[in-house]
file data-v7.csv (CSV, C-alpha atoms)
chain,number,residue,atom,x,y,z
R,337,MET,CA,82.8,124.8,0.2
R,338,ASP,CA,85.4,126.8,-1.7
R,339,TYR,CA,88.6,126.9,0.4
R,340,ARG,CA,90.8,128.6,-2.2
R,341,GLU,CA,91.0,131.8,0.0
R,342,ASP,CA,92.2,129.7,2.9
R,343,ILE,CA,94.8,127.9,0.7
R,344,ASN,CA,96.1,131.3,-0.4
R,345,GLY,CA,96.2,132.7,3.1
R,346,ALA,CA,98.0,129.7,4.4
R,347,LEU,CA,100.5,129.7,1.5
R,348,LYS,CA,101.3,133.3,2.1
R,349,ALA,CA,102.1,132.6,5.8
R,350,LEU,CA,104.1,129.5,5.0
R,351,ARG,CA,106.2,131.3,2.3
R,352,GLU,CA,106.9,134.1,4.8
R,353,GLY,CA,108.2,131.7,7.4
R,354,GLY,CA,105.0,131.9,9.4
R,355,VAL,CA,103.0,129.4,11.4
R,356,ILE,CA,99.5,128.2,10.5
R,357,ILE,CA,96.8,126.4,12.3
R,358,TYR,CA,95.0,124.0,9.9
R,359,PRO,CA,92.9,120.8,9.7
R,360,THR,CA,94.7,117.6,8.7
R,361,ASP,CA,93.6,114.1,8.0
R,362,THR,CA,93.7,113.6,11.8
R,363,ILE,CA,93.6,116.4,14.4
R,364,TRP,CA,94.1,120.2,13.9
R,365,GLY,CA,97.7,121.0,13.6
R,366,LEU,CA,100.3,123.8,14.0
R,367,GLY,CA,102.2,123.9,10.7
R,368,CYS,CA,105.1,125.6,9.0
R,369,ASP,CA,107.6,125.1,6.3
R,370,ALA,CA,109.4,121.9,7.3
R,371,THR,CA,112.6,123.0,5.5
R,372,ASN,CA,112.8,126.4,7.3
R,373,GLN,CA,114.7,126.2,10.6
R,374,GLN,CA,113.5,129.5,11.9
R,375,ALA,CA,109.9,128.6,11.2
R,376,VAL,CA,110.3,125.3,13.0
R,377,GLU,CA,111.8,127.0,16.0
R,378,LYS,CA,108.7,129.2,16.2
R,379,ILE,CA,106.6,126.0,16.5
R,380,PHE,CA,108.8,124.8,19.4
R,381,ALA,CA,108.4,128.2,21.1
R,382,ILE,CA,104.6,128.3,20.6
R,383,LYS,CA,104.2,124.7,22.0
R,384,LYS,CA,106.7,125.4,24.8
R,385,ARG,CA,108.3,122.1,23.7
R,386,GLU,CA,111.8,120.8,24.1
R,387,GLU,CA,113.7,120.9,20.8
R,388,SER,CA,114.9,117.3,21.5
R,389,LYS,CA,111.4,116.1,20.7
R,390,SER,CA,111.0,115.7,16.9
R,391,LEU,CA,108.0,116.8,14.8
R,392,ILE,CA,105.9,115.0,12.3
R,393,ILE,CA,105.8,116.4,8.7
R,394,LEU,CA,103.2,115.9,6.0
R,395,VAL,CA,103.9,115.2,2.4
R,396,ASN,CA,101.4,114.9,-0.5
R,397,GLY,CA,102.5,111.5,-1.9
R,398,TYR,CA,105.2,108.9,-2.3
R,399,GLN,CA,107.1,111.1,-4.8
R,400,MET,CA,107.5,113.9,-2.3
R,401,LEU,CA,108.4,111.4,0.4
R,402,GLU,CA,111.3,110.1,-1.6
R,403,ARG,CA,112.8,113.7,-1.8
R,404,TYR,CA,113.0,114.0,2.0
R,405,VAL,CA,114.2,110.6,3.2
R,406,VAL,CA,117.5,108.9,2.5
R,407,SER,CA,115.8,105.6,1.9
R,408,ILE,CA,112.4,104.0,2.2
R,409,PRO,CA,112.7,100.6,3.9
R,410,GLU,CA,110.8,97.8,2.2
R,411,ALA,CA,108.7,97.2,5.3
R,412,ALA,CA,107.6,100.9,5.3
R,413,ALA,CA,106.6,100.7,1.6
R,414,GLY,CA,104.5,97.6,2.5
R,415,ILE,CA,102.8,99.4,5.4
R,416,LEU,CA,101.9,102.3,3.2
R,417,GLU,CA,100.3,100.0,0.6
R,418,VAL,CA,97.9,98.4,3.1
R,419,ALA,CA,97.3,101.3,5.5
R,420,ASP,CA,93.6,102.1,5.7
R,421,LYS,CA,93.9,105.0,8.2
R,422,PRO,CA,96.4,107.8,8.7
R,423,ILE,CA,99.7,106.4,9.7
R,424,THR,CA,103.0,108.2,10.4
R,425,ILE,CA,106.1,106.3,9.7
R,426,ILE,CA,109.4,107.2,11.3
R,427,TYR,CA,112.1,106.7,8.6
R,428,PRO,CA,115.7,106.1,9.6
R,429,SER,CA,117.2,109.2,8.0
R,430,GLY,CA,115.7,112.4,6.7
R,431,LYS,CA,117.3,114.9,4.3
R,432,SER,CA,116.7,118.4,3.0
R,433,LEU,CA,114.7,119.3,6.1
R,434,ALA,CA,115.2,121.8,8.9
R,435,PRO,CA,117.5,120.2,11.4
R,436,ALA,CA,115.0,120.7,14.3
R,437,VAL,CA,112.5,118.5,12.4
R,438,LEU,CA,114.8,115.5,12.8
R,439,SER,CA,115.3,113.4,15.9
R,440,ALA,CA,118.8,113.3,17.5
R,441,ASP,CA,119.5,110.1,15.5
R,442,GLY,CA,118.6,111.7,12.2
R,443,SER,CA,115.2,109.9,11.9
R,444,VAL,CA,112.1,111.7,10.8
R,445,GLY,CA,108.3,111.1,11.2
R,446,ILE,CA,106.4,111.6,7.9
R,447,ARG,CA,102.8,111.0,7.0
R,448,ILE,CA,101.5,110.9,3.5
R,449,CYS,CA,98.4,113.0,4.0
R,450,SER,CA,95.0,111.8,2.8
R,451,ASP,CA,93.1,115.1,3.3
R,452,ASP,CA,92.1,117.1,0.2
R,453,PHE,CA,92.7,120.5,1.8
R,454,CYS,CA,96.1,119.5,3.1
R,455,ASN,CA,97.1,117.8,-0.1
R,456,GLU,CA,96.2,120.9,-2.2
R,457,LEU,CA,98.1,123.1,0.3
R,458,ILE,CA,101.2,120.9,0.2
R,459,THR,CA,101.0,120.5,-3.6
R,460,ARG,CA,100.9,124.3,-4.1
R,461,PHE,CA,103.6,124.9,-1.5
R,462,ARG,CA,105.8,122.3,-3.1
R,463,LYS,CA,107.4,121.4,0.2
R,464,PRO,CA,106.5,119.3,3.3
R,465,ILE,CA,104.6,121.0,6.1
R,466,VAL,CA,105.1,120.4,9.8
R,467,SER,CA,102.1,118.9,11.5
R,468,THR,CA,102.1,118.9,15.3
R,469,SER,CA,99.0,119.1,17.5
R,470,ALA,CA,97.7,122.6,18.0
R,471,ASN,CA,98.4,122.7,21.8
R,472,ILE,CA,101.0,123.5,24.4
R,473,SER,CA,103.2,120.5,25.1
R,474,ASP,CA,102.0,118.2,27.9
R,475,THR,CA,98.4,119.4,27.6
R,476,PRO,CA,95.7,117.4,25.8
R,477,SER,CA,95.6,117.5,22.0
R,478,PRO,CA,92.6,119.3,20.6
R,479,ARG,CA,90.2,116.7,19.2
R,480,ASN,CA,88.5,119.4,17.0
R,481,PHE,CA,88.8,123.2,16.3
R,482,PRO,CA,86.8,124.3,19.4
R,483,GLY,CA,89.4,122.5,21.5
R,484,ILE,CA,92.2,124.8,20.5
R,485,SER,CA,93.2,127.2,23.2
R,486,GLU,CA,93.0,131.0,22.7
R,487,GLU,CA,96.8,131.2,23.4
R,488,ILE,CA,97.6,128.9,20.5
R,489,LEU,CA,95.1,130.6,18.2
R,490,MET,CA,96.7,134.0,18.9
R,491,SER,CA,100.2,132.7,18.2
R,492,ALA,CA,99.6,131.7,14.6
R,493,ASP,CA,100.2,133.9,11.6
R,494,TYR,CA,97.2,132.3,9.8
R,495,VAL,CA,94.2,130.3,11.1
R,496,VAL,CA,92.4,128.2,8.4
R,497,LYS,CA,88.6,128.7,8.4
R,498,HIS,CA,87.9,125.5,6.5
R,499,ARG,CA,86.3,122.9,8.7
R,500,GLN,CA,86.3,125.0,11.9
R,501,TRP,CA,82.6,124.0,12.2
R,502,ASP,CA,83.4,120.3,12.2
R,503,THR,CA,83.0,119.1,15.8
R,504,GLU,CA,83.7,115.4,15.0
R,505,ILE,CA,86.2,114.0,17.6
R,506,LYS,CA,89.4,113.3,15.8
R,507,THR,CA,92.4,111.2,16.9
R,508,PRO,CA,96.1,111.4,16.1
R,509,SER,CA,97.7,109.1,13.6
R,510,SER,CA,99.3,105.8,14.5
R,511,VAL,CA,103.1,106.1,14.6
R,512,ILE,CA,105.4,103.3,13.5
R,513,LYS,CA,109.2,103.3,13.4
R,514,VAL,CA,110.7,101.3,10.6
R,515,GLU,CA,114.4,100.6,10.4
R,516,ASP,CA,116.4,99.9,7.2
R,517,ASP,CA,116.8,96.3,8.3
R,518,GLY,CA,113.0,95.9,8.5
R,519,VAL,CA,112.6,96.0,12.3
R,520,ILE,CA,109.3,97.7,13.1
R,521,GLN,CA,108.4,99.3,16.4
R,522,ILE,CA,104.9,100.6,17.2
R,523,ILE,CA,105.3,104.0,18.9
R,524,ARG,CA,101.6,105.0,19.1
R,525,LYS,CA,98.6,102.9,18.2
call {"tool": "encode", "arguments": {"input": "data-v7.csv", "output": "structure tokens"}}
result
Amino acid sequence: MDYREDINGALKALREGGVIIYPTDTIWGLGCDATNQQAVEKIFAIKKREESKSLIILVNGYQMLERYVVSIPEAAAGILEVADKPITIIYPSGKSLAPAVLSADGSVGIRICSDDFCNELITRFRKPIVSTSANISDTPSPRNFPGISEEILMSADYVVKHRQWDTEIKTPSSVIKVEDDGVIQIIRK
């Protein structure tokens, strides 16, 4: 299926500071420009989520990752080399991102995306994209497109059509926190 029209629609919304609903390498996500504070605040408002809870962002590869973290701990690089499923790593210190994307301690959760659609979107956007589950906080994450509530769908500036038909049950990524000294903590399996 040709998804260029979807890429263009999503890019337009992202460039205008809008919010998109899109399929990722895991579950459907609410996304925005991870460097735009106002756009990130819209995500918190839509999800009715406390701003003290940080957000995951997606990048298209190691090179982009290096531009948005102060350092990549050796342990994190090792995990990325052997990961065989989507994995989000919480890095000790993010940079060049909207402040609301970072945790109170300055750390940031980033996943190198393995989905063709997402990677093309991120590559063409040239910036990381927020990826948080397309649901109101404290309600179940949608496991596929039909699981997204009407309230969430109506709140987005653009809803991607690509893969809406896919009813396969998806799961969120594993989340691992890696400190500069190599200490690893599993946050979500």
call {"tool": "atom_distance", "arguments": {"input": "data-v7.csv", "atom1": "CA of Ala375 in chain R", "atom2": "CA of Ile523 in chain R"}}
result
26.2 Å
call {"tool": "residues_around", "arguments": {"input": "data-v7.csv", "residues": "Asp516 in chain R", "least_positions_apart": "6", "cutoff": "8 Å", "atoms": "all atoms listed in the file", "output": "ChimeraX atom specification"}}
result
/R:407-410,428
call {"tool": "closest_residue", "arguments": {"input": "data-v7.csv", "among": "R:Ile465, R:Met400, R:Ala470, R:Ile423", "to": "Val376 in chain R", "atoms": "only C-alpha atoms"}}
result
R:Ile465
call {"tool": "residues_around", "arguments": {"input": "data-v7.csv", "residues": "Lys497 in chain R", "least_positions_apart": "5", "cutoff": "9 Å", "atoms": "all atoms listed in the file", "output": "list in words"}}
result
Tyr339, Asp342 and Tyr358 of chain R
call {"tool": "closest_residue", "arguments": {"input": "data-v7.csv", "among": "R:Arg479, R:Arg447, R:Arg403, R:Arg462", "to": "Ile512 in chain R", "atoms": "all atoms listed in the file"}}
result
R:Arg447
call {"tool": "closest_residue", "arguments": {"input": "data-v7.csv", "among": "R:Lys506, R:Lys463, R:Lys421, R:Lys378", "to": "Leu433 in chain R", "atoms": "all atoms listed in the file"}}
result
R:Lys463
call {"tool": "atom_distance", "arguments": {"input": "data-v7.csv", "atom1": "CA of Val495 in chain R", "atom2": "CA of Glu377 in chain R"}}
result
18.6 Å
call {"tool": "atom_distance", "arguments": {"input": "data-v7.csv", "atom1": "CA of Ser485 in chain R", "atom2": "CA of Ile472 in chain R"}}
result
8.7 Å
call {"tool": "residues_around", "arguments": {"input": "data-v7.csv", "residues": "Gly365 in chain R", "least_positions_apart": "6", "cutoff": "12 Å", "atoms": "all atoms listed in the file", "output": "ChimeraX atom specification"}}
result
/R:355-359,379,383,391-394,454,465-472,477-481,483-484,488-489,492,494-496,506-509
call {"tool": "closest_residue", "arguments": {"input": "data-v7.csv", "among": "R:Thr475, R:Ser510, R:Asn344, R:Gln399", "to": "Lys384 in chain R", "atoms": "all atoms listed in the file"}}
result
R:Thr475
call {"tool": "closest_residue", "arguments": {"input": "data-v7.csv", "among": "R:Val437, R:Ile343, R:Val395, R:Val406", "to": "Thr424 in chain R", "atoms": "only C-alpha atoms"}}
result
R:Val395
call {"tool": "residues_around", "arguments": {"input": "data-v7.csv", "residues": "Asn396 in chain R", "least_positions_apart": "3", "cutoff": "7 Å", "atoms": "all atoms listed in the file", "output": "PyMOL selection string"}}
result
chain R and resi 400+448-449+455+458-459
call {"tool": "closest_residue", "arguments": {"input": "data-v7.csv", "among": "R:Gly397, R:Ser388, R:Trp501, R:Glu402", "to": "Glu456 in chain R", "atoms": "only C-alpha atoms"}}
result
R:Gly397
call {"tool": "residues_near_point", "arguments": {"input": "data-v7.csv", "point": "(108.8, 108.6, 9.2)", "cutoff": "9 Å", "atoms": "all atoms listed in the file", "output": "list of chain:residue names"}}
result
R:Ile392, R:Ile393, R:Val405, R:Ala412, R:Thr424, R:Ile425, R:Ile426, R:Tyr427, R:Pro428, R:Ser429, R:Gly430, R:Ser443, R:Val444, R:Gly445, R:Ile446, R:Arg447, R:Val511, R:Ile512, R:Lys513, R:Val514
call {"tool": "residues_around", "arguments": {"input": "data-v7.csv", "residues": "Arg351 in chain R", "least_positions_apart": "4", "cutoff": "8 Å", "atoms": "all atoms listed in the file", "output": "count of residues only"}}
result
3
